[in-house]
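Student: This is the structure I want to talk about, given as structure tokens.
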Amino acid sequence: MKKKTELQTAFSTRQYMLSKDFEIYYYSDVEPSHVVSHTHDYYEFYFFLEGDVTLHVAKNDYRINPGDFLLIPPHTPHYPEFTDSRIPYRRIVLWISQDYCNRLLEASPDYIYIMQYVATTHHYLFSNDIITFNSIQSLIFQLIDEIKNERFGKSAQISLQINELILFLNRTIYNRNHSGRQKNEKELYMTICDYIDLHLDSDLSLDLLEQEFYVSKFHIAHAFKDNIGISLHQYITKKRLQACKDAIVSGQSIVSVYELFGFHDYSNFYRAFKKEFGMSPKEYQTLFSILGNPLSSD
């Protein structure tokens with residue numbers, strides 16, 4: 001690997017990407033240039049190495065320390081303010097296009113955990129211990145070294161390394177956010193399940209549940225995924241379908257049942273019912289009337 005000084009890039013005030021996927025730069029300035037508040041249409045990971053600077057991101061002011069990194073989402077205003085410009089200013093910036101993030105999402109939602117977390121919480125700063133940040137730096141400098149060299153399989157190796165770096169960052173923050181929270185999230189999951197059972201006829205969107213329980217919809221979604229392996233939407237749909245099935249057994253009409261338990265469109269209810277139980281609502285009603293007892297819900 002080249003020396004770190006050989007991996008540096010001269011600073012540019014350019015705030016747009018030349019690549020369609022990602023760009024990464026290692027900057028070290030003795031007298032840092034003034035940068036005005038700006039936005040861009042890509043994600044920016046900002047890794048702070050050295051300096052005396054405050055980062056202003058949206059409505060937040062972060063006095064950052066070596067080892068910190070920030071994730072700045074698209075269209076979020078931000079700029080640095082230097083307390084002492086005589087101190088060398090070293091940082092690494094990684095730009096990732098929204099299109100590339102979408103492609104990563106198609107591969108696995110694990111790649112964009114941090115993006116979703118920041119979008120929900122508006123918390124942009126992540127502090128790290130020295131061991132964690134050394135691991136992050138190692139992955140970064142290996143990636144930059146690969147970009148600046150000409151080796152066989154360069155493009156394939158760069159693709160592997162950028163994805164490894166992004167996944168490492170997501171795993172680090174996910175593990176940190178979930179450490180010691182399993183019990184709380186289990187309690188949250190059980191409480192919301194009880195609420196859903198009592199409000200199957202009402203709006204049960206993530207936005208509403210976020211307001212009802214004063215917990216971000218991001219954490220609500222993960223509480224369900226982590227506890228039962230399906231999304232909140234899938235869980236609610238299953239509970240509504242089971243309630244509809246039980247109501248049909250009790251003799252209520254199909255037309256009244258689907259509206260009673262939160263299905264506002266019969267065609268959607270029909271497709272969901274048939275997918276869940278292997279027959280249409282009418283077929284179930286007819287079969288039940290012939291057998292004279294409820295069918296197994298398995």
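Ordering of the structure tokens sets the chain letters (A, B, ...), residue numbers begin anew at 1 in every chain, and ligands are numbered from 1 in the order given.
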Compile the contact shell of A:Ser205 as an MDAnalysis selection string: residues with an atom at most 10 Å away, counting only C-alpha atoms, same-chain residues fewer than 2 positions apart removed.

Tutor: chainID A and resid 202:203 207:210 217 232:233 236

Student: Using 12 Å as the limit and counting only C-alpha atoms, can you tabulate each residue of stretch 183-221 of chain A that touches stretch 243-265 of chain A, with its shortest atom-to-atom distance in Å and the two atoms involved, as a tab-separated table?

Tutor:
```
residue	atom	partner	partner_atom	distance
A:Ile196	CA	A:Phe261	CA	11.0
A:Asp197	CA	A:Ala243	CA	9.3
A:Leu198	CA	A:Phe261	CA	10.5
A:His199	CA	A:Phe261	CA	8.5
A:Leu200	CA	A:Phe261	CA	5.3
A:Asp201	CA	A:Phe261	CA	4.3
A:Ser202	CA	A:Gly262	CA	6.2
A:Asp203	CA	A:Gly262	CA	7.5
A:Leu204	CA	A:Gly262	CA	8.9
A:Ser205	CA	A:Gly262	CA	11.3
```

Student: In terms of the shortest atom-to-atom distance over only C-alpha atoms, which of A:Asp29, A:Asp68, A:Glu283, A:Asp84 is closest to A:Asp52?

Tutor: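 The answer is A:Asp84, which sits nearest to A:Asp52.
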
Student: With only C-alpha atoms as the counted atoms, please give the residues lying no more than 6 Å from stretch 89-104 of chain A, apart from itself and same-chain residues fewer than 2 positions off, as a list in words.

Tutor: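 Those residues are Asp21, Phe22, Glu23, Ile24, Tyr25, Tyr26, Tyr27, Ser28, Asp29, Tyr42, Tyr43, Glu44, Phe45, Tyr46, Phe47, Phe48, Leu49, Glu50, Gly51, Glu106 and Ala107 of chain A.
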
Student: Kindly export the residues of the current selection with N, CA, C and O atoms, as a PDB file, in the first residue's frame.

Tutor:
```pdb
ATOM      1  N   ASP A  21     -21.648   6.561  -9.213  1.00  0.00           N
ATOM      2  CA  ASP A  21     -21.829   5.685  -8.053  1.00  0.00           C
ATOM      3  C   ASP A  21     -21.280   6.286  -6.756  1.00  0.00           C
ATOM      4  O   ASP A  21     -22.026   6.545  -5.825  1.00  0.00           O
ATOM      5  N   PHE A  22     -19.962   6.476  -6.687  1.00  0.00           N
ATOM      6  CA  PHE A  22     -19.369   7.008  -5.467  1.00  0.00           C
ATOM      7  C   PHE A  22     -18.031   7.672  -5.788  1.00  0.00           C
ATOM      8  O   PHE A  22     -17.405   7.404  -6.823  1.00  0.00           O
ATOM      9  N   GLU A  23     -17.612   8.541  -4.861  1.00  0.00           N
ATOM     10  CA  GLU A  23     -16.289   9.163  -4.919  1.00  0.00           C
ATOM     11  C   GLU A  23     -15.770   9.276  -3.495  1.00  0.00           C
ATOM     12  O   GLU A  23     -16.542   9.484  -2.561  1.00  0.00           O
ATOM     13  N   ILE A  24     -14.452   9.126  -3.335  1.00  0.00           N
ATOM     14  CA  ILE A  24     -13.863   9.215  -2.002  1.00  0.00           C
ATOM     15  C   ILE A  24     -12.586  10.043  -2.068  1.00  0.00           C
ATOM     16  O   ILE A  24     -11.796   9.910  -3.018  1.00  0.00           O
ATOM     17  N   TYR A  25     -12.397  10.934  -1.083  1.00  0.00           N
ATOM     18  CA  TYR A  25     -11.264  11.845  -1.079  1.00  0.00           C
ATOM     19  C   TYR A  25     -10.672  11.942   0.324  1.00  0.00           C
ATOM     20  O   TYR A  25     -11.406  11.991   1.322  1.00  0.00           O
ATOM     21  N   TYR A  26      -9.345  11.978   0.356  1.00  0.00           N
ATOM     22  CA  TYR A  26      -8.609  12.166   1.604  1.00  0.00           C
ATOM     23  C   TYR A  26      -7.951  13.539   1.529  1.00  0.00           C
ATOM     24  O   TYR A  26      -7.067  13.763   0.713  1.00  0.00           O
ATOM     25  N   TYR A  27      -8.423  14.459   2.379  1.00  0.00           N
ATOM     26  CA  TYR A  27      -7.945  15.840   2.354  1.00  0.00           C
ATOM     27  C   TYR A  27      -7.108  16.139   3.595  1.00  0.00           C
ATOM     28  O   TYR A  27      -7.426  15.696   4.701  1.00  0.00           O
ATOM     29  N   SER A  28      -6.064  16.951   3.399  1.00  0.00           N
ATOM     30  CA  SER A  28      -5.269  17.469   4.509  1.00  0.00           C
ATOM     31  C   SER A  28      -4.846  18.882   4.140  1.00  0.00           C
ATOM     32  O   SER A  28      -4.051  19.086   3.222  1.00  0.00           O
ATOM     33  N   ASP A  29      -5.400  19.876   4.873  1.00  0.00           N
ATOM     34  CA  ASP A  29      -5.141  21.282   4.570  1.00  0.00           C
ATOM     35  C   ASP A  29      -4.510  21.973   5.770  1.00  0.00           C
ATOM     36  O   ASP A  29      -4.975  21.819   6.906  1.00  0.00           O
ATOM     37  N   TYR A  42     -26.493  13.839  -3.168  1.00  0.00           N
ATOM     38  CA  TYR A  42     -25.931  12.533  -2.835  1.00  0.00           C
ATOM     39  C   TYR A  42     -25.681  12.470  -1.329  1.00  0.00           C
ATOM     40  O   TYR A  42     -25.743  13.482  -0.616  1.00  0.00           O
ATOM     41  N   TYR A  43     -25.408  11.270  -0.821  1.00  0.00           N
ATOM     42  CA  TYR A  43     -25.045  11.080   0.582  1.00  0.00           C
ATOM     43  C   TYR A  43     -23.563  11.382   0.768  1.00  0.00           C
ATOM     44  O   TYR A  43     -22.737  11.016  -0.070  1.00  0.00           O
ATOM     45  N   GLU A  44     -23.238  12.027   1.875  1.00  0.00           N
ATOM     46  CA  GLU A  44     -21.839  12.293   2.192  1.00  0.00           C
ATOM     47  C   GLU A  44     -21.488  11.715   3.553  1.00  0.00           C
ATOM     48  O   GLU A  44     -22.067  12.092   4.579  1.00  0.00           O
ATOM     49  N   PHE A  45     -20.551  10.768   3.567  1.00  0.00           N
ATOM     50  CA  PHE A  45     -19.939  10.315   4.806  1.00  0.00           C
ATOM     51  C   PHE A  45     -18.706  11.183   5.038  1.00  0.00           C
ATOM     52  O   PHE A  45     -17.854  11.298   4.165  1.00  0.00           O
ATOM     53  N   TYR A  46     -18.629  11.774   6.216  1.00  0.00           N
ATOM     54  CA  TYR A  46     -17.534  12.684   6.558  1.00  0.00           C
ATOM     55  C   TYR A  46     -16.792  12.085   7.746  1.00  0.00           C
ATOM     56  O   TYR A  46     -17.348  11.956   8.837  1.00  0.00           O
ATOM     57  N   PHE A  47     -15.533  11.683   7.540  1.00  0.00           N
ATOM     58  CA  PHE A  47     -14.720  11.063   8.588  1.00  0.00           C
ATOM     59  C   PHE A  47     -13.671  12.075   9.055  1.00  0.00           C
ATOM     60  O   PHE A  47     -12.818  12.499   8.272  1.00  0.00           O
ATOM     61  N   PHE A  48     -13.740  12.456  10.317  1.00  0.00           N
ATOM     62  CA  PHE A  48     -12.864  13.509  10.847  1.00  0.00           C
ATOM     63  C   PHE A  48     -11.613  12.900  11.463  1.00  0.00           C
ATOM     64  O   PHE A  48     -11.690  12.018  12.323  1.00  0.00           O
ATOM     65  N   LEU A  49     -10.446  13.412  11.037  1.00  0.00           N
ATOM     66  CA  LEU A  49      -9.167  12.897  11.516  1.00  0.00           C
ATOM     67  C   LEU A  49      -8.429  13.889  12.414  1.00  0.00           C
ATOM     68  O   LEU A  49      -7.850  13.497  13.422  1.00  0.00           O
ATOM     69  N   GLU A  50      -8.445  15.163  12.039  1.00  0.00           N
ATOM     70  CA  GLU A  50      -7.670  16.146  12.795  1.00  0.00           C
ATOM     71  C   GLU A  50      -8.166  17.547  12.470  1.00  0.00           C
ATOM     72  O   GLU A  50      -8.603  17.820  11.348  1.00  0.00           O
ATOM     73  N   GLY A  51      -8.071  18.445  13.468  1.00  0.00           N
ATOM     74  CA  GLY A  51      -8.445  19.833  13.248  1.00  0.00           C
ATOM     75  C   GLY A  51      -9.216  20.395  14.421  1.00  0.00           C
ATOM     76  O   GLY A  51      -9.413  19.728  15.448  1.00  0.00           O
ATOM     77  N   GLU A 106     -31.630  -2.998  -3.117  1.00  0.00           N
ATOM     78  CA  GLU A 106     -32.157  -4.164  -3.823  1.00  0.00           C
ATOM     79  C   GLU A 106     -31.389  -5.422  -3.438  1.00  0.00           C
ATOM     80  O   GLU A 106     -31.956  -6.514  -3.383  1.00  0.00           O
ATOM     81  N   ALA A 107     -30.091  -5.251  -3.153  1.00  0.00           N
ATOM     82  CA  ALA A 107     -29.271  -6.401  -2.738  1.00  0.00           C
ATOM     83  C   ALA A 107     -29.587  -6.799  -1.302  1.00  0.00           C
ATOM     84  O   ALA A 107     -29.736  -7.980  -0.986  1.00  0.00           O
TER      85      ALA A 107
END
```

Student: Write out as a list in words each polymer residue whose atoms come within 9 Å of A:Tyr270, counting only C-alpha atoms; drop sequence neighbours fewer than 4 positions from it.

Tutor: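 Skipping anything fewer than 4 positions along the chain leaves Tyr258, Asp265, Tyr266, Lys274, Lys275, Ser280 and Pro281 of chain A.
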
Student: Would you mind telling me which residue in A:Ile112, A:Pro32, A:Val118, A:Gln211 lies nearest to A:Pro80 when using only C-alpha atoms?

Tutor: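 When distances to A:Pro80 are compared using only C-alpha atoms, the smallest one comes from A:Pro32.
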
Student: Extract, using only C-alpha atoms, all DNA, RNA and protein residues at most 9 Å from A:Phe69, discarding same-chain residues fewer than 2 positions from it, and format them as a ChimeraX atom specification.

Tutor: /A:45-48,64-67,71,124-128

Student: Could you write out that same residue set with C-alpha atoms as a compact mmCIF listing (two decimals), in the first residue's frame?

Tutor:
```
# COMPACT_ATOMS: atom_id res chain seq x y z
CA PHE A 45 -19.94 10.32 4.81
CA TYR A 46 -17.53 12.68 6.56
CA PHE A 47 -14.72 11.06 8.59
CA PHE A 48 -12.86 13.51 10.85
CA ILE A 64 -16.35 17.11 16.35
CA ASN A 65 -13.46 15.02 17.63
CA PRO A 66 -10.96 12.78 15.85
CA GLY A 67 -12.65 9.45 15.16
CA LEU A 71 -23.62 11.04 7.49
CA TYR A 124 -26.02 12.87 11.91
CA LEU A 125 -23.00 12.38 14.18
CA PHE A 126 -21.46 9.04 15.19
CA SER A 127 -18.59 8.92 17.68
CA ASN A 128 -16.24 5.94 17.85
```

Student: Using only C-alpha atoms, which of the listed residues (A:Ile147, A:Val215, A:Ile136, A:Met190) sits closest to A:Ile166?

Tutor: A:Ile136

Student: Closest to A:Ile158 among A:Ala10, A:Cys193, A:Ile173, A:Ile140, using only C-alpha atoms?

Tutor: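 Result for the nearest residue to A:Ile158: A:Ile140.
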
Student: At a cut-off of 6 Å, using only C-alpha atoms, what residues contact A:Thr54? Leave out same-chain residues fewer than 6 positions from it and give the result as a ChimeraX atom specification.

Tutor: /A:62-63,80-81

Student: Take the residues that were just selected and, keeping N, CA and C atoms, output them as a short mmCIF file (atom, residue, chain, number, x, y, z; two decimals), in the first residue's frame.

Tutor:
```cif
data_model
loop_
_atom_site.label_atom_id
_atom_site.label_comp_id
_atom_site.auth_asym_id
_atom_site.auth_seq_id
_atom_site.Cartn_x
_atom_site.Cartn_y
_atom_site.Cartn_z
N TYR A 62 -22.20 20.53 15.57
CA TYR A 62 -21.40 19.45 16.12
C TYR A 62 -19.94 19.89 16.26
N ARG A 63 -19.49 19.97 17.50
CA ARG A 63 -18.05 20.17 17.76
C ARG A 63 -17.41 18.79 17.70
N PRO A 80 -18.59 23.69 7.38
CA PRO A 80 -17.66 23.67 8.52
C PRO A 80 -17.36 25.09 9.00
N GLU A 81 -17.14 25.20 10.31
CA GLU A 81 -16.69 26.47 10.88
C GLU A 81 -15.41 26.21 11.66
#
```

Student: Let's see if you can do this: from backbone DSSP, list all alpha helix (DSSP H) residues in stretch 124-169 of chain A, as a ChimeraX atom specification.

Tutor: /A:130-148,154-169

Student: What is the atom CA of A:Asn163 to atom CA of A:Asp61 distance in Å?

Tutor: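 Those two atoms sit 29.6 Å apart.
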
Student: Identify, with DSSP run on backbone atoms, the residues in stretch 12-152 of chain A assigned to strand (DSSP E), and express the list as a ChimeraX atom specification.

Tutor: /A:22-29,42-50,53-57,60-63,69-72,78-82,89-97,125-126
